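Below is my_file07.txt, holding compact mmCIF, C-alpha atoms.
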```txt
# COMPACT_ATOMS: atom_id res chain seq x y z
CA GLU A 360 9.20 2.93 2.76
CA PHE A 361 5.81 1.44 3.64
CA ASN A 362 5.87 3.10 7.07
CA PHE A 363 5.72 6.48 5.28
CA LEU A 364 2.46 5.60 3.51
CA ASP A 365 0.39 7.82 5.79
CA THR A 366 2.58 10.86 5.00
CA TRP A 367 1.15 11.04 1.46
CA ASN A 368 -2.03 8.92 1.63
CA PRO A 369 -4.59 10.80 3.76
CA PHE A 370 -6.76 7.67 4.10
CA ALA A 371 -4.03 5.33 5.44
CA ILE A 372 -3.98 4.62 9.17
CA GLU A 373 -0.93 3.22 11.00
CA PRO A 374 1.00 1.56 8.17
CA THR A 375 3.33 -0.86 9.92
CA ILE A 376 5.94 -3.37 8.79
CA LEU A 377 5.27 -6.37 11.04
CA GLN A 378 7.98 -8.66 9.71
CA ALA A 379 10.68 -8.27 7.10
CA GLU A 380 13.02 -10.85 5.61
CA GLY A 381 15.48 -8.73 3.70
CA ASP A 382 14.03 -6.18 1.32
CA ARG A 383 12.00 -8.62 -0.79
CA THR A 384 9.62 -10.29 1.67
CA MET A 385 7.45 -8.46 4.20
CA THR A 386 4.31 -8.77 6.27
CA LEU A 387 2.46 -5.45 6.48
CA TYR A 388 -0.45 -3.97 8.41
CA CYS A 389 -2.52 -0.97 7.40
CA ALA A 390 -6.01 0.35 7.97
CA VAL A 391 -7.98 2.48 5.50
CA TRP A 392 -10.36 5.21 6.65
CA LEU A 393 -13.96 5.03 5.40
CA PRO A 394 -16.71 7.59 5.93
CA TRP A 395 -19.41 7.17 8.56
CA PRO A 396 -21.38 4.93 9.14
CA PHE A 397 -18.58 2.51 8.21
CA HIS A 398 -15.58 1.71 10.37
CA PRO A 399 -12.04 1.79 8.98
CA ARG A 400 -10.98 -1.44 7.28
CA GLU A 401 -7.74 -3.10 8.33
CA MET A 402 -5.67 -5.55 6.39
CA TYR A 403 -2.67 -7.77 6.97
CA VAL A 404 -0.79 -8.60 3.78
CA PHE A 405 2.25 -10.59 2.76
CA ILE A 406 4.40 -8.94 0.07
CA GLU A 407 6.95 -10.81 -2.00
CA VAL A 408 9.14 -9.19 -4.68
CA SER A 409 10.38 -11.30 -7.60
CA ASP A 410 13.21 -10.09 -9.81
CA VAL A 411 12.28 -10.96 -13.41
CA LEU A 412 14.32 -8.11 -14.84
CA ASP A 413 16.32 -10.31 -17.23
CA GLU A 414 13.33 -12.21 -18.63
CA HIS A 415 10.58 -9.56 -18.55
CA LYS A 416 12.43 -6.31 -17.72
CA CYS A 417 10.45 -5.75 -14.52
CA TYR A 418 9.96 -6.68 -10.87
CA VAL A 419 6.74 -8.38 -9.82
CA VAL A 420 5.33 -7.78 -6.36
CA THR A 421 2.74 -10.31 -5.21
CA ILE A 422 0.29 -9.13 -2.55
CA ARG A 423 -1.51 -11.79 -0.51
CA ASP A 424 -3.86 -11.59 2.44
CA ILE A 425 -2.40 -13.49 5.41
CA GLU A 426 -5.64 -13.79 7.33
CA TYR A 427 -7.58 -16.99 7.29
CA GLU A 428 -11.02 -17.01 8.89
CA ASN A 429 -10.10 -13.79 10.71
CA LYS A 430 -7.32 -15.50 12.70
CA LEU A 431 -3.76 -14.19 12.84
CA PRO A 432 -0.69 -15.64 14.49
CA GLU A 433 -0.32 -13.97 17.90
CA SER A 434 3.13 -12.71 16.90
CA LEU A 435 1.55 -10.38 14.32
CA HIS A 436 -0.77 -8.57 16.76
CA ARG A 437 1.67 -5.73 17.35
CA VAL A 438 -0.65 -2.83 16.60
CA ASP A 439 -2.25 -1.52 19.81
CA SER A 440 -5.58 -3.35 20.15
CA ASN A 441 -7.20 -0.32 21.85
CA LYS A 442 -6.67 1.72 18.68
CA ARG A 443 -7.91 -1.14 16.51
CA ARG A 444 -11.07 -1.74 18.53
CA LYS A 445 -13.43 -0.07 16.06
CA ARG A 446 -11.79 -1.39 12.91
CA GLU A 447 -13.13 -4.15 10.72
CA ARG A 448 -11.30 -6.55 8.48
CA CYS A 449 -10.78 -6.12 4.73
CA SER A 450 -9.63 -9.01 2.61
CA ILE A 451 -7.09 -8.74 -0.20
CA LEU A 452 -8.06 -11.19 -2.93
CA ASN A 453 -5.88 -13.44 -5.07
CA GLY A 454 -4.41 -11.80 -8.14
CA SER A 455 -3.39 -8.60 -6.35
CA CYS A 456 0.04 -7.46 -7.45
CA ALA A 457 2.28 -4.62 -8.54
CA VAL A 458 4.63 -4.57 -11.51
CA VAL A 459 7.63 -2.24 -11.47
CA TYR A 460 9.20 -1.37 -14.84
CA PRO A 461 12.42 0.61 -15.18
CA LEU A 462 11.69 2.59 -18.36
CA GLY A 463 13.58 2.29 -21.64
CA SER A 464 17.20 3.25 -21.68
CA ASP A 465 17.02 4.05 -17.98
CA LEU A 466 18.20 0.49 -17.28
CA LYS A 467 21.57 1.39 -18.78
CA GLU A 468 21.62 4.87 -17.24
CA ALA A 469 20.78 3.60 -13.75
CA GLY A 470 24.02 1.60 -13.68
CA LYS A 471 25.98 4.79 -14.49
CA GLY A 472 24.65 6.66 -11.46
CA LYS A 473 21.97 8.53 -13.40
CA LYS A 474 18.47 8.80 -11.99
CA GLY A 475 16.12 6.52 -13.90
CA ARG A 476 12.39 6.68 -14.40
CA THR A 477 10.06 3.91 -13.33
CA ARG A 478 6.50 2.88 -14.19
CA VAL A 479 4.54 1.14 -11.44
CA LEU A 480 1.27 -0.64 -12.16
CA ILE A 481 -0.75 -1.70 -9.12
CA SER A 482 -3.71 -4.05 -9.24
CA CYS A 483 -5.22 -4.59 -5.82
CA HIS A 484 -8.42 -6.59 -5.50
CA ALA A 485 -9.98 -5.88 -2.13
CA ASP A 486 -13.14 -7.17 -0.53
CA PRO A 487 -14.23 -4.66 2.14
CA LEU A 488 -16.55 -7.34 3.53
CA ILE A 489 -19.55 -5.03 3.26
CA LEU A 490 -22.64 -6.81 2.03
CA ALA A 491 -23.95 -4.80 -0.95
CA PRO A 492 -21.95 -1.57 -0.57
CA PRO A 493 -24.17 1.45 -1.24
CA ASN A 494 -23.64 3.38 -4.48
CA TRP A 495 -22.56 6.50 -2.59
CA LEU A 496 -19.67 4.55 -1.01
CA VAL A 497 -18.50 3.21 -4.38
CA ASN A 498 -18.72 6.73 -5.85
CA PHE A 499 -16.82 8.13 -2.85
CA ILE A 500 -13.97 5.66 -3.38
CA LEU A 501 -13.79 6.07 -7.17
CA LYS A 502 -14.43 9.81 -7.45
CA LEU A 503 -12.87 11.18 -4.28
CA MET A 504 -10.50 8.70 -2.61
CA ALA A 505 -8.64 7.47 -5.70
CA PRO A 506 -7.99 10.92 -7.24
CA THR A 507 -7.03 12.36 -3.83
CA ILE A 508 -4.50 9.58 -3.24
CA TYR A 509 -3.11 10.04 -6.76
CA ARG A 510 -2.69 13.82 -6.34
CA SER A 511 -1.14 13.37 -2.89
CA LEU A 512 1.33 10.81 -4.23
CA GLU A 513 2.24 13.03 -7.17
CA LYS A 514 2.83 15.98 -4.82
CA ALA A 515 4.89 13.84 -2.43
CA LEU A 516 7.09 12.54 -5.25
CA ARG A 517 7.74 16.06 -6.52
CA ARG A 518 8.65 17.14 -2.99
CA VAL A 519 10.92 14.13 -2.39
CA TYR A 520 12.81 14.43 -5.66
CA SER A 521 13.36 18.17 -5.48
CA ALA A 522 16.96 19.18 -5.02
CA ASP A 523 16.65 20.53 -1.47
CA SER A 524 14.00 18.26 0.05
CA PRO A 525 13.84 18.25 3.88
CA ALA A 526 11.35 15.32 3.92
CA PRO A 527 12.49 12.25 5.95
CA TYR A 528 11.58 9.97 3.05
CA ALA A 529 13.85 11.97 0.74
CA GLU A 530 16.88 10.92 2.76
CA ILE A 531 16.01 7.24 2.30
CA VAL A 532 15.43 7.61 -1.44
CA LYS A 533 18.66 9.56 -2.03
```

Spell out the structure here as structure tokens.
Amino acid sequence: EFNFLDTWNPFAIEPTILQAEGDRTMTLYCAVWLPWPFHPREMYVFIEVSDVLDEHKCYVVTIRDIEYENKLPESLHRVDSNKRRKRERCSILNGSCAVVYPLGSDLKEAGKGKKGRTRVLISCHADPLILAPPNWLVNFILKLMAPTIYRSLEKALRRVYSADSPAPYAEIVK
């Protein structure tokens, strides 16, 4: 579903799955739009999902930056370099993760074909590699970007889970 990120996140640019080993291990690319005078920031991340449902009643998704000293394996340079020309790197720091909790009795109901509810907690530590970001940029991200992404996601989820959804993502989810 990562390739649909830009359908509900207005700041995401070209989300791409570069490599996938099953549905639990992936290498992803995405750029994030920033206002002028900054260029969009791009990131390459490695995602790994661990099933700890029995022990902790959740799934843990680790998010790691795959870049080292701004060098990537040539096999991962699949995004058109002409489009990426004016993008700068962003680093995802250690400790970034997501935790996915099926809620309460929904664990039992999910096995009976009933739709369950899920809580997702995301903690992403990013270094935009901007020396001393100005206060207006921090305020823009916290007061405009974050709430906009949240509202867009909420709206997309309502649209996807409605009974007669024509959205392409809805077909995958159902």

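The interatomic distance for the pair CA of Pro396 in chain A and CA of Glu447 in chain A works out to 12.4 Å.
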
ask   = Hey, which of A:Ser455, A:Ser450, A:Ser511, A:Thr384 ends up closest to Pro487 in chain A? Count all atoms listed in the file.
value = A:Ser450

Give me the residues near Thr421 in chain A as an mmCIF file with C-alpha atoms, in the coordinates of the input, where near means some atom within 9 Å (using all atoms listed in the file) and where sequence neighbours in that chain fewer than 2 positions away do not count.
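Writing done, so here's result-v9.cif:
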```cif
data_model
loop_
_atom_site.group_PDB
_atom_site.id
_atom_site.type_symbol
_atom_site.label_atom_id
_atom_site.label_comp_id
_atom_site.auth_asym_id
_atom_site.auth_seq_id
_atom_site.Cartn_x
_atom_site.Cartn_y
_atom_site.Cartn_z
ATOM 1 C CA PHE A 405 2.250 -10.590 2.760
ATOM 2 C CA ILE A 406 4.400 -8.940 0.070
ATOM 3 C CA GLU A 407 6.950 -10.810 -2.000
ATOM 4 C CA VAL A 408 9.140 -9.190 -4.680
ATOM 5 C CA SER A 409 10.380 -11.300 -7.600
ATOM 6 C CA VAL A 419 6.740 -8.380 -9.820
ATOM 7 C CA ARG A 423 -1.510 -11.790 -0.510
ATOM 8 C CA GLY A 454 -4.410 -11.800 -8.140
ATOM 9 C CA SER A 455 -3.390 -8.600 -6.350
ATOM 10 C CA CYS A 456 0.040 -7.460 -7.450
ATOM 11 C CA ALA A 457 2.280 -4.620 -8.540
ATOM 12 C CA VAL A 458 4.630 -4.570 -11.510
#
```

key: Distance criterion (only C-alpha atoms): nearest to Glu426 in chain A out of A:Trp395, A:Tyr388, A:Leu412, A:Ile500   =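 With only C-alpha atoms as the atom set, the closest residue is A:Tyr388.
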
query = Quick one: of A:Leu516, A:Pro394, A:Trp367, A:Cys449, who's nearest to Ile489 in chain A, counting all atoms listed in the file?
reply = A:Cys449

query = Could you work out how far CA of Met402 in chain A lies from CA of Arg518 in chain A, giving the answer in Å with one decimal?
reply =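 Computing the Euclidean distance for CA of Arg518 in chain A and CA of Met402 in chain A yields 28.4 Å.
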
task = Return the single residue from A:Ala491, A:Leu503, A:Ala390, A:Cys417 that is closest to Pro461 in chain A, with distances computed using all atoms listed in the file.
result =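 Under the stated criterion, the closest residue is A:Cys417.
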
message = What's the separation between CA of Leu480 in chain A and CA of Val459 in chain A, in Å to one decimal place?
response =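 The value is 6.6 Å.
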
With all atoms listed in the file counted, which protein, DNA or RNA residues have an atom no more than 10 Å from (-4.8, 6.3, 10.8) in the file frame? Please answer as a CSV table (one decimal) with C-alpha atoms, keeping the file's coordinate frame.
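Everything below was put into selection_22.csv:
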```csv
chain,number,residue,atom,x,y,z
A,365,ASP,CA,0.4,7.8,5.8
A,368,ASN,CA,-2.0,8.9,1.6
A,369,PRO,CA,-4.6,10.8,3.8
A,370,PHE,CA,-6.8,7.7,4.1
A,371,ALA,CA,-4.0,5.3,5.4
A,372,ILE,CA,-4.0,4.6,9.2
A,373,GLU,CA,-0.9,3.2,11.0
A,374,PRO,CA,1.0,1.6,8.2
A,389,CYS,CA,-2.5,-1.0,7.4
A,390,ALA,CA,-6.0,0.4,8.0
A,391,VAL,CA,-8.0,2.5,5.5
A,392,TRP,CA,-10.4,5.2,6.6
A,399,PRO,CA,-12.0,1.8,9.0
A,442,LYS,CA,-6.7,1.7,18.7
A,443,ARG,CA,-7.9,-1.1,16.5
```

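Comparing A:Tyr418, A:Phe397, A:Phe363, A:Tyr403 by their smallest distance to Arg383 in chain A, the closest is A:Tyr418 (using only C-alpha atoms).
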
message = The residues within 6 Å of (-8.2, -11.1, -2.1), using all atoms listed in the file and the coordinates of the file, should be reported as a list in words; which are they?
response =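 Output: Ser450, Ile451, Leu452, Asn453, His484 and Ala485 of chain A.
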